[in-house]
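K.L.:
I'm passing along my_file_38.tsv; it holds TSV, C-alpha atoms and all ligand atoms.
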```tsv
chain	number	residue	atom	x	y	z
S	1403	MET	CA	30.30	184.11	295.57
S	1404	LEU	CA	27.97	186.02	297.90
S	1405	THR	CA	24.70	184.54	299.19
S	1406	ILE	CA	21.92	187.05	299.80
S	1407	ALA	CA	18.74	186.26	301.76
S	1408	MET	CA	15.81	188.08	300.21
S	1409	PRO	CA	12.47	188.56	302.00
S	1410	LYS	CA	9.51	187.16	300.11
S	1411	GLY	CA	6.38	189.29	300.25
S	1412	ARG	CA	6.03	193.03	299.95
S	1413	ILE	CA	9.72	193.99	300.27
S	1414	PHE	CA	10.76	191.58	297.52
S	1415	GLU	CA	9.65	193.55	294.46
S	1416	GLU	CA	11.19	196.79	295.68
S	1417	ALA	CA	14.44	195.04	296.58
S	1418	VAL	CA	14.66	193.39	293.15
S	1419	GLU	CA	14.00	196.75	291.50
S	1420	LEU	CA	16.76	198.34	293.56
S	1421	LEU	CA	19.26	195.61	292.62
S	1422	ARG	CA	18.37	195.97	288.95
S	1423	ARG	CA	18.80	199.72	289.13
S	1424	ALA	CA	22.26	199.05	290.57
S	1425	ASP	CA	22.89	197.11	287.36
S	1426	TYR	CA	22.70	193.59	288.76
S	1427	ALA	CA	21.41	191.37	285.95
S	1428	LEU	CA	18.64	189.49	287.75
S	1429	PRO	CA	16.95	186.92	285.45
S	1430	PRO	CA	13.15	186.65	284.87
S	1431	GLU	CA	13.04	183.92	287.54
S	1432	PHE	CA	12.89	186.83	289.98
S	1433	ASP	CA	9.55	187.90	288.55
S	1434	GLU	CA	7.67	184.71	288.06
S	1435	SER	CA	9.13	181.51	289.50
S	1436	ARG	CA	8.55	179.78	292.82
S	1437	LYS	CA	12.20	178.81	293.17
S	1438	LEU	CA	13.69	179.46	296.59
S	1439	VAL	CA	17.33	179.40	295.51
S	1440	ILE	CA	18.32	181.41	292.45
S	1441	ASP	CA	21.92	181.43	291.27
S	1442	VAL	CA	23.08	184.36	289.17
S	1443	ALA	CA	26.39	182.98	287.93
S	1444	GLU	CA	27.42	186.07	285.95
S	1445	GLU	CA	27.18	188.21	289.11
S	1446	LYS	CA	28.75	185.50	291.30
S	1447	MET	CA	25.69	185.72	293.53
S	1448	ARG	CA	23.22	183.26	295.02
S	1449	PHE	CA	19.83	184.49	296.26
S	1450	ILE	CA	17.71	182.61	298.75
S	1451	LEU	CA	14.07	183.58	299.24
S	1452	ALA	CA	12.88	183.44	302.84
S	1453	LYS	CA	10.03	184.68	305.06
S	1454	PRO	CA	10.83	188.27	306.09
S	1455	MET	CA	11.12	187.33	309.78
S	1456	ASP	CA	13.54	184.48	308.92
S	1457	VAL	CA	16.03	186.47	306.83
S	1458	VAL	CA	17.95	187.53	309.95
S	1459	THR	CA	18.20	183.91	311.07
S	1460	TYR	CA	19.84	182.83	307.79
S	1461	VAL	CA	22.31	185.72	308.00
S	1462	GLU	CA	23.07	185.23	311.71
S	1463	HIS	CA	23.87	181.56	311.11
S	1464	GLY	CA	26.13	182.47	308.20
S	1465	VAL	CA	24.32	180.42	305.54
S	1466	ALA	CA	23.64	183.76	303.88
S	1467	ASP	CA	26.35	186.46	303.83
S	1468	LEU	CA	23.88	189.28	303.42
S	1469	GLY	CA	20.16	189.88	303.77
S	1470	ILE	CA	17.43	192.47	303.44
S	1471	ALA	CA	15.21	192.98	306.47
S	1472	GLY	CA	12.76	195.54	307.82
S	1473	LYS	CA	13.99	197.69	310.70
S	1474	ASP	CA	10.94	196.42	312.62
S	1475	VAL	CA	12.31	192.88	312.46
S	1476	LEU	CA	15.79	194.06	313.50
S	1477	MET	CA	14.35	196.02	316.44
S	1478	GLU	CA	12.21	193.13	317.62
S	1479	GLU	CA	15.03	190.66	318.11
S	1480	GLU	CA	18.59	191.49	319.01
S	1481	ARG	CA	20.63	189.38	316.62
S	1482	ASN	CA	24.30	189.11	315.84
S	1483	VAL	CA	24.27	190.83	312.44
S	1484	TYR	CA	25.56	194.20	311.27
S	1485	GLU	CA	23.33	196.74	309.60
S	1486	LEU	CA	25.22	198.09	306.56
S	1487	LEU	CA	22.81	200.32	304.69
S	1488	ASP	CA	19.37	201.88	304.94
S	1489	LEU	CA	17.80	201.01	301.58
S	1490	HIS	CA	14.90	203.46	302.07
S	1491	ILE	CA	12.41	200.98	300.62
S	1492	SER	CA	9.20	199.55	302.14
S	1493	ARG	CA	8.77	202.67	304.25
S	1494	CYS	CA	6.24	202.45	307.06
S	1495	TYR	CA	6.19	203.01	310.83
S	1496	LEU	CA	5.33	201.28	314.08
S	1497	ALA	CA	2.51	202.82	316.06
S	1498	VAL	CA	0.17	202.32	318.97
S	1499	ALA	CA	-3.49	202.34	317.95
S	1500	GLY	CA	-6.87	201.73	319.50
S	1501	LEU	CA	-10.56	202.53	319.32
S	1502	PRO	CA	-11.24	206.29	319.54
S	1503	GLY	CA	-12.11	207.51	323.03
S	1504	VAL	CA	-11.49	204.12	324.63
S	1505	ALA	CA	-8.99	204.28	327.51
S	1506	MET	CA	-6.74	201.41	328.55
S	1507	ASN	CA	-8.36	199.02	330.98
S	1508	GLU	CA	-6.98	200.10	334.37
S	1509	ILE	CA	-7.02	196.68	335.99
S	1510	ALA	CA	-5.89	194.45	333.12
S	1511	PRO	CA	-4.51	196.51	330.20
S	1512	ARG	CA	-3.80	194.34	327.16
S	1513	VAL	CA	-1.83	195.07	324.01
S	1514	ALA	CA	-1.99	192.85	320.94
S	1515	THR	CA	0.96	192.76	318.55
S	1516	LYS	CA	3.25	190.80	316.27
S	1517	TYR	CA	6.15	192.61	318.00
S	1518	PRO	CA	6.10	191.56	321.69
S	1519	ASN	CA	9.58	192.88	322.52
S	1520	ILE	CA	9.09	196.28	320.89
S	1521	ALA	CA	5.68	196.64	322.53
S	1522	SER	CA	6.75	195.61	326.02
S	1523	THR	CA	9.84	197.86	325.91
S	1524	TYR	CA	7.72	200.78	324.71
S	1525	PHE	CA	5.07	200.46	327.42
S	1526	ARG	CA	7.68	199.81	330.11
S	1527	GLU	CA	9.44	203.04	329.11
S	1528	GLN	CA	6.09	204.83	329.38
S	1529	GLY	CA	5.80	203.46	332.92
S	1530	GLU	CA	2.78	201.32	332.00
S	1531	GLN	CA	2.48	197.68	332.93
S	1532	VAL	CA	0.58	195.80	330.24
S	1533	GLU	CA	-0.08	192.24	329.22
S	1534	ILE	CA	1.25	191.57	325.73
S	1535	ILE	CA	-0.82	189.27	323.54
S	1536	ARG	CA	1.13	187.94	320.58
S	1537	LEU	CA	-0.69	187.58	317.26
S	1538	ASN	CA	0.65	186.66	313.82
S	1539	GLY	CA	-1.42	189.00	311.64
S	1540	SER	CA	-4.71	190.90	311.31
S	1541	ILE	CA	-3.66	192.69	314.49
S	1542	GLU	CA	-6.33	195.36	313.96
S	1543	LEU	CA	-8.95	192.74	314.75
S	1544	ALA	CA	-7.96	192.53	318.43
S	1545	PRO	CA	-9.51	195.80	319.74
S	1546	LEU	CA	-12.62	195.28	317.60
S	1547	ILE	CA	-13.56	192.06	319.32
S	1548	GLY	CA	-12.32	192.90	322.81
S	1549	LEU	CA	-9.08	190.91	322.87
S	1550	ALA	CA	-6.98	194.00	323.63
S	1551	ASP	CA	-7.32	197.74	324.36
S	1552	ARG	CA	-4.37	198.69	322.19
S	1553	ILE	CA	-2.35	197.32	319.32
S	1554	VAL	CA	1.24	197.90	318.29
S	1555	ASP	CA	1.53	197.42	314.56
S	1556	ILE	CA	2.87	198.65	311.24
S	1557	VAL	CA	1.12	201.61	309.61
S	1558	SER	CA	1.80	202.57	306.03
S	1559	THR	CA	-1.09	204.34	304.30
S	1560	GLY	CA	-3.27	204.21	307.45
S	1561	ARG	CA	-5.99	202.51	305.44
S	1562	THR	CA	-6.27	199.38	307.58
S	1563	LEU	CA	-6.71	201.47	310.74
S	1564	LYS	CA	-9.26	203.77	309.10
S	1565	GLU	CA	-11.37	201.04	307.55
S	1566	ASN	CA	-11.56	199.31	310.90
S	1567	GLY	CA	-12.51	202.44	312.84
S	1568	LEU	CA	-9.22	202.62	314.75
S	1569	VAL	CA	-7.04	205.66	315.43
S	1570	GLU	CA	-3.31	206.05	315.72
S	1571	LEU	CA	-2.38	207.15	319.25
S	1572	GLU	CA	1.42	207.23	319.38
S	1573	ARG	CA	4.16	206.78	316.84
S	1574	ILE	CA	6.94	204.45	318.03
S	1575	ALA	CA	9.52	204.29	315.23
S	1576	ASP	CA	10.05	204.81	311.52
S	1577	VAL	CA	10.73	201.66	309.52
S	1578	THR	CA	12.56	201.04	306.24
S	1579	SER	CA	14.37	197.98	304.93
S	1580	ARG	CA	18.06	197.51	305.70
S	1581	LEU	CA	20.95	195.59	304.18
S	1582	ILE	CA	22.41	193.33	306.88
S	1583	VAL	CA	25.55	191.21	306.94
S	1584	ASN	CA	26.98	188.30	308.88
S	1585	PRO	CA	29.94	189.72	310.90
S	1586	ALA	CA	32.36	186.87	310.03
S	1587	SER	CA	31.45	187.05	306.36
S	1588	TYR	CA	32.03	190.81	306.44
S	1589	ARG	CA	35.54	190.28	307.80
S	1590	LEU	CA	36.24	187.64	305.16
S	1591	ASN	CA	34.61	189.24	302.11
S	1592	GLY	CA	34.85	192.92	303.06
S	1593	GLU	CA	35.95	194.24	299.68
S	1594	GLU	CA	33.34	192.37	297.67
S	1595	ILE	CA	30.62	193.41	300.12
S	1596	GLU	CA	31.72	197.07	300.09
S	1597	ARG	CA	31.50	197.07	296.28
S	1598	LEU	CA	27.90	195.87	296.54
S	1599	VAL	CA	27.14	198.48	299.22
S	1600	ASP	CA	28.55	201.25	297.00
S	1601	ARG	CA	26.50	200.13	294.01
S	1602	LEU	CA	23.30	199.98	296.04
S	1603	ALA	CA	24.01	203.26	297.84
S	1604	SER	CA	24.26	205.04	294.47
S	1605	VAL	CA	20.68	204.10	293.50
S	1606	ILE	CA	18.83	204.34	296.81
S	1607	PRO	CA	15.53	206.25	296.46
S	1608	GLU	CA	15.19	209.84	297.73
S	1609	ARG	CA	15.15	210.03	301.51
S	1701	LIG	N1	1.82	197.95	304.98
S	1701	LIG	C1	3.13	197.98	304.81
S	1701	LIG	N2	3.68	198.88	303.98
S	1701	LIG	C2	5.02	198.93	303.79
S	1701	LIG	N3	5.90	198.09	304.40
S	1701	LIG	C3	5.39	197.18	305.23
S	1701	LIG	C4	4.00	197.08	305.47
S	1701	LIG	N4	3.79	196.07	306.31
S	1701	LIG	C5	5.01	195.57	306.57
S	1701	LIG	N5	5.97	196.24	305.94
S	1701	LIG	C6	7.43	195.99	305.94
S	1701	LIG	O1	7.64	194.83	305.16
S	1701	LIG	C7	8.16	193.76	305.94
S	1701	LIG	C8	7.58	192.46	305.47
S	1701	LIG	O2	6.20	192.48	305.58
S	1701	LIG	P1	5.31	191.36	304.89
S	1701	LIG	O3	3.88	191.76	305.14
S	1701	LIG	O4	5.78	191.13	303.48
S	1701	LIG	O5	5.68	190.08	305.65
S	1701	LIG	P2	5.29	189.52	307.06
S	1701	LIG	O6	4.08	190.26	307.55
S	1701	LIG	O7	6.48	189.48	307.95
S	1701	LIG	O8	5.04	188.04	306.71
S	1701	LIG	P3	3.77	187.28	306.25
S	1701	LIG	O9	2.65	188.31	306.02
S	1701	LIG	O10	4.27	186.63	304.98
S	1701	LIG	O11	3.54	186.35	307.38
S	1701	LIG	C9	7.87	194.14	307.38
S	1701	LIG	O12	8.82	193.57	308.24
S	1701	LIG	C10	7.96	195.66	307.34
S	1701	LIG	O13	9.31	196.09	307.43
S	1702	LIG	O1	-1.47	201.34	306.80
S	1702	LIG	P1	-1.73	200.29	305.78
S	1702	LIG	O2	-1.27	200.70	304.41
S	1702	LIG	O3	-3.16	199.85	305.77
S	1702	LIG	O4	-0.82	199.03	306.11
S	1702	LIG	C1	-0.78	198.49	307.40
S	1702	LIG	C2	-1.14	197.05	307.42
S	1702	LIG	O5	-0.17	196.30	306.64
S	1702	LIG	C3	0.33	195.23	307.44
S	1702	LIG	O6	-0.48	194.11	307.38
S	1702	LIG	P2	-0.37	192.99	306.26
S	1702	LIG	O7	-0.98	193.48	305.00
S	1702	LIG	O8	1.05	192.51	306.17
S	1702	LIG	O9	-1.27	191.84	306.82
S	1702	LIG	P3	-1.18	191.06	308.21
S	1702	LIG	O10	-2.18	191.74	309.07
S	1702	LIG	O11	-1.56	189.68	307.87
S	1702	LIG	O12	0.23	191.17	308.75
S	1702	LIG	C4	0.25	195.80	308.86
S	1702	LIG	O13	0.29	194.76	309.81
S	1702	LIG	C5	-1.05	196.54	308.84
S	1702	LIG	O14	-2.14	195.71	309.12
```
What's the structure tokens form of this structure?
Ligand SMILES: Nc1ncnc2c1ncn2[C@@H]1O[C@H](COP(=O)(O)OP(=O)(O)OP(=O)(O)O)[C@@H](O)[C@H]1O
Ligand SMILES: O=P(O)(O)OC[C@H]1O[C@H](OP(=O)(O)OP(=O)(O)O)[C@H](O)[C@@H]1O

P.N.:
Amino acid sequence: MLTIAMPKGRIFEEAVELLRRADYALPPEFDESRKLVIDVAEEKMRFILAKPMDVVTYVEHGVADLGIAGKDVLMEEERNVYELLDLHISRCYLAVAGLPGVAMNEIAPRVATKYPNIASTYFREQGEQVEIIRLNGSIELAPLIGLADRIVDIVSTGRTLKENGLVELERIADVTSRLIVNPASYRLNGEEIERLVDRLASVIPER
């Protein structure tokens, strides 16, 4: 039996669709219930539903064999998990944005983000010393009310930036969701996991 940690939220639907396309018989509970543990006996699989940022934690600790996580989450924290497959779902990218024509404050430049490690590495590599301000959401608000000069955040359609009068300044990295595995579980259940990887790989959307 394999345990898979699924991210609740926007990746979930696409991940469920991908699994179904790979012929995994996922019951209607995946569409409507609030259950956090769903056993699919006929597939010998158990699914646990976690916050996207927590999926890696469940897999790293081995309580889930596999998980689905955004590349952004994997980049932000170095964790002891292997990345097995790019699922090419939930495509977006990480970018630096700010108000048009507004330069970084020269004395105390501040960057607001949900990704403090990615942001500090990026600005360090650019040779810029900035203060990172960690927020949990609505990152685009920060430059509008003077909390920061720049943000580092996810962009997908660009609508949130546009509707808040912000512009994208630099693109940091492309993001899609990945299948991850606990290293010990991979050693132990390699064949079973490879079968799942093959089935998923055959139905991954166009790159
Ligand atoms: N606008 C977007 N379009 C496409 N994919 C996105 C978008 N925003 C985030 N993602 C991807 O989906 C993942 C999960 O995002 P989601 O918004 O569901 O959860 P979260 O922001 O981590 O958590 P929560 O909003 O529940 O606190 C992100 O880690 C990223 O890989
Ligand atoms: O380019 P867009 O298509 O507009 O998408 C980008 C927005 O989506 C995410 O926010 P989310 O909806 O997860 O809300 P949050 O601010 O609470 O994280 C991200 O943080 C951006 O704000």

K.L.:
Could you work out how far atom N1 of ligand LIG 1701 (chain S) lies from CA of Arg1422 (chain S), giving the answer in Å with one decimal?

P.N.:
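Straight-line distance from CA of Arg1422 (chain S) to atom N1 of ligand LIG 1701 (chain S) works out to 23.1 Å.
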
K.L.:
Quick one: residues within 6 Å of (13.7, 185.3, 299.2) (file frame), counting all atoms listed in the file, please, as a list in words.

P.N.:
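Collected hits near the coordinates: Ala1407, Met1408, Pro1409, Lys1410, Ile1450, Leu1451 and Ala1452 of chain S.
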
K.L.:
Put a box with edges along x, y and z around all the listed atoms of ligand LIG 1701 (chain S), pad it by 3 Å on each side, then give me its centre and sizes in Å, one decimal, as lines of an AutoDock Vina configuration file.

P.N.:
```
center_x = 5.6
center_y = 192.6
center_z = 305.9
size_x = 13.5
size_y = 18.6
size_z = 10.8
```

K.L.:
So how far away is CA of Phe1432 (chain S) from CA of Phe1449 (chain S), in Å?

P.N.:
9.6 Å

K.L.:
When you count all atoms listed in the file, which of these residues is closest to ligand LIG 1702 (chain S): S:Val1504, S:Ala1427, S:Ala1499, S:Ala1510?

P.N.:
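Distance minimum relative to ligand LIG 1702 (chain S) lands on S:Ala1499.
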
K.L.:
Give me the chain S side of the contact with ligand LIG 1701 (chain S), cut-off 6 Å, one line per residue showing its nearest atom pair and distance in Å at one decimal, counting all atoms listed in the file, sorted by chain and residue number, as CSV.

P.N.:
```
residue,atom,partner,partner_atom,distance
S:Gly1411,CA,S:LIG1701,O4,3.8
S:Arg1412,CA,S:LIG1701,O4,4.0
S:Ile1413,CA,S:LIG1701,O1,5.4
S:Pro1454,CA,S:LIG1701,O7,4.9
S:Met1455,CA,S:LIG1701,O7,5.4
S:Gly1472,CA,S:LIG1701,O13,3.5
S:Lys1473,CA,S:LIG1701,O13,5.9
S:Asp1474,CA,S:LIG1701,O13,5.4
S:Val1475,CA,S:LIG1701,O12,5.5
S:Ser1492,CA,S:LIG1701,N3,4.3
S:Arg1493,CA,S:LIG1701,C2,5.3
S:Cys1494,CA,S:LIG1701,C2,5.0
S:Ile1556,CA,S:LIG1701,N4,5.6
S:Val1557,CA,S:LIG1701,N1,5.9
S:Ser1558,CA,S:LIG1701,N2,4.6
S:Ser1579,CA,S:LIG1701,O13,6.0
```

K.L.:
Distance limit 7 Å, reference ligand LIG 1702 (chain S), atoms considered: all atoms listed in the file. Which residues make the cut? Give them as a list of chain:residue names.

P.N.:
S:Asn1538, S:Gly1539, S:Ser1540, S:Ile1541, S:Glu1542, S:Asp1555, S:Ile1556, S:Val1557, S:Ser1558, S:Thr1559, S:Gly1560, S:Arg1561, S:Thr1562, S:Leu1563

K.L.:
From the list S:Thr1515, S:Thr1523, S:Thr1578, S:Asn1507, which residue is nearest Leu1476 (chain S) when using only C-alpha atoms?

P.N.:
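Going through S:Thr1515, S:Thr1523, S:Thr1578, S:Asn1507 one by one, the smallest distance to Leu1476 (chain S) is for S:Thr1578.
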
K.L.:
Smallest atom-to-atom distance to Arg1580 (chain S): which of S:Leu1598, S:Ala1505, S:Ile1470, S:Ala1497, using all atoms listed in the file?

P.N.:
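Among the listed residues, the smallest separation from Arg1580 (chain S) belongs to S:Ile1470.
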
K.L.:
For CA of Pro1607 (chain S) and CA of Leu1581 (chain S), determine how far apart the two atoms are, in Å to one decimal place.

P.N.:
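For CA of Pro1607 (chain S) relative to CA of Leu1581 (chain S), the distance reads 14.2 Å.
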
K.L.:
From the set S:Leu1602, S:Met1447, S:Ile1553, S:Val1483, which residue has the shortest atom-to-atom contact distance to Glu1462 (chain S), counting only C-alpha atoms?

P.N.:
S:Val1483

K.L.:
Quick one: of S:Leu1486, S:Ala1471, S:Val1439, S:Val1569, who's nearest to Val1498 (chain S), counting all atoms listed in the file?

P.N.:
S:Val1569

K.L.:
Can you work out which one of S:Leu1501, S:Val1605, S:Val1418, S:Met1506 has the shortest atom-to-atom distance to Glu1570 (chain S), counting only C-alpha atoms?

P.N.:
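When distances to Glu1570 (chain S) are compared using only C-alpha atoms, the smallest one comes from S:Leu1501.
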
K.L.:
Excluding same-chain residues fewer than 6 positions from Gln1528 (chain S), what lies within 12 Å of it counting only C-alpha atoms, as a VMD selection string?

P.N.:
chain S and resid 1521 to 1522 1572 1574

K.L.:
At a cut-off of 6 Å around the point (25.9, 193.2, 310.4) (file coordinates), what residues fall inside when counting all atoms listed in the file? I'd like the answer as a PyMOL selection string.

P.N.:
chain S and resi 1483-1485+1582-1585

K.L.:
Mind completing region 1557-1581 of chain S with N, CA and C atoms? Output as a short mmCIF file (atom, residue, chain, number, x, y, z; two decimals), keeping the file's coordinate frame, please?

P.N.:
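Output file selection-v1.cif follows:
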```cif
data_model
loop_
_atom_site.label_atom_id
_atom_site.label_comp_id
_atom_site.auth_asym_id
_atom_site.auth_seq_id
_atom_site.Cartn_x
_atom_site.Cartn_y
_atom_site.Cartn_z
N VAL S 1557 2.04 200.74 310.37
CA VAL S 1557 1.12 201.61 309.61
C VAL S 1557 1.86 202.07 308.38
N SER S 1558 1.18 202.02 307.24
CA SER S 1558 1.80 202.57 306.03
C SER S 1558 0.90 203.67 305.48
N THR S 1559 -0.17 203.30 304.80
CA THR S 1559 -1.09 204.34 304.30
C THR S 1559 -2.09 204.76 305.38
N GLY S 1560 -2.27 203.94 306.41
CA GLY S 1560 -3.27 204.21 307.45
C GLY S 1560 -4.64 203.65 307.09
N ARG S 1561 -4.69 202.99 305.91
CA ARG S 1561 -5.99 202.51 305.44
C ARG S 1561 -6.59 201.41 306.32
N THR S 1562 -5.75 200.49 306.76
CA THR S 1562 -6.27 199.38 307.58
C THR S 1562 -6.87 199.92 308.89
N LEU S 1563 -6.18 200.88 309.51
CA LEU S 1563 -6.71 201.47 310.74
C LEU S 1563 -8.05 202.14 310.45
N LYS S 1564 -8.07 202.98 309.42
CA LYS S 1564 -9.26 203.77 309.10
C LYS S 1564 -10.46 202.88 308.80
N GLU S 1565 -10.23 201.88 307.95
CA GLU S 1565 -11.37 201.04 307.55
C GLU S 1565 -11.89 200.17 308.69
N ASN S 1566 -11.11 200.08 309.75
CA ASN S 1566 -11.56 199.31 310.90
C ASN S 1566 -11.92 200.20 312.08
N GLY S 1567 -12.05 201.49 311.82
CA GLY S 1567 -12.51 202.44 312.84
C GLY S 1567 -11.52 202.65 313.98
N LEU S 1568 -10.23 202.43 313.70
CA LEU S 1568 -9.22 202.62 314.75
C LEU S 1568 -8.46 203.92 314.52
N VAL S 1569 -7.84 204.44 315.58
CA VAL S 1569 -7.04 205.66 315.43
C VAL S 1569 -5.63 205.42 315.94
N GLU S 1570 -4.71 206.11 315.29
CA GLU S 1570 -3.31 206.05 315.72
C GLU S 1570 -3.16 206.91 316.96
N LEU S 1571 -2.50 206.39 318.00
CA LEU S 1571 -2.38 207.15 319.25
C LEU S 1571 -0.95 207.64 319.49
N GLU S 1572 0.02 206.82 319.21
CA GLU S 1572 1.42 207.23 319.38
C GLU S 1572 2.26 206.58 318.30
N ARG S 1573 3.25 207.32 317.86
CA ARG S 1573 4.16 206.78 316.84
C ARG S 1573 5.40 206.26 317.57
N ILE S 1574 5.80 205.03 317.30
CA ILE S 1574 6.94 204.45 318.03
C ILE S 1574 8.24 204.60 317.25
N ALA S 1575 8.25 204.23 315.98
CA ALA S 1575 9.52 204.29 315.23
C ALA S 1575 9.27 204.21 313.73
N ASP S 1576 10.11 204.90 312.98
CA ASP S 1576 10.05 204.81 311.52
C ASP S 1576 10.72 203.51 311.08
N VAL S 1577 10.22 202.95 310.00
CA VAL S 1577 10.73 201.66 309.52
C VAL S 1577 11.03 201.74 308.01
N THR S 1578 12.22 201.28 307.65
CA THR S 1578 12.56 201.04 306.24
C THR S 1578 13.34 199.73 306.21
N SER S 1579 13.61 199.23 305.00
CA SER S 1579 14.37 197.98 304.93
C SER S 1579 15.87 198.26 304.94
N ARG S 1580 16.61 197.34 305.53
CA ARG S 1580 18.06 197.51 305.70
C ARG S 1580 18.82 196.34 305.07
N LEU S 1581 20.04 196.64 304.63
CA LEU S 1581 20.95 195.59 304.18
C LEU S 1581 21.73 195.14 305.41
#
```
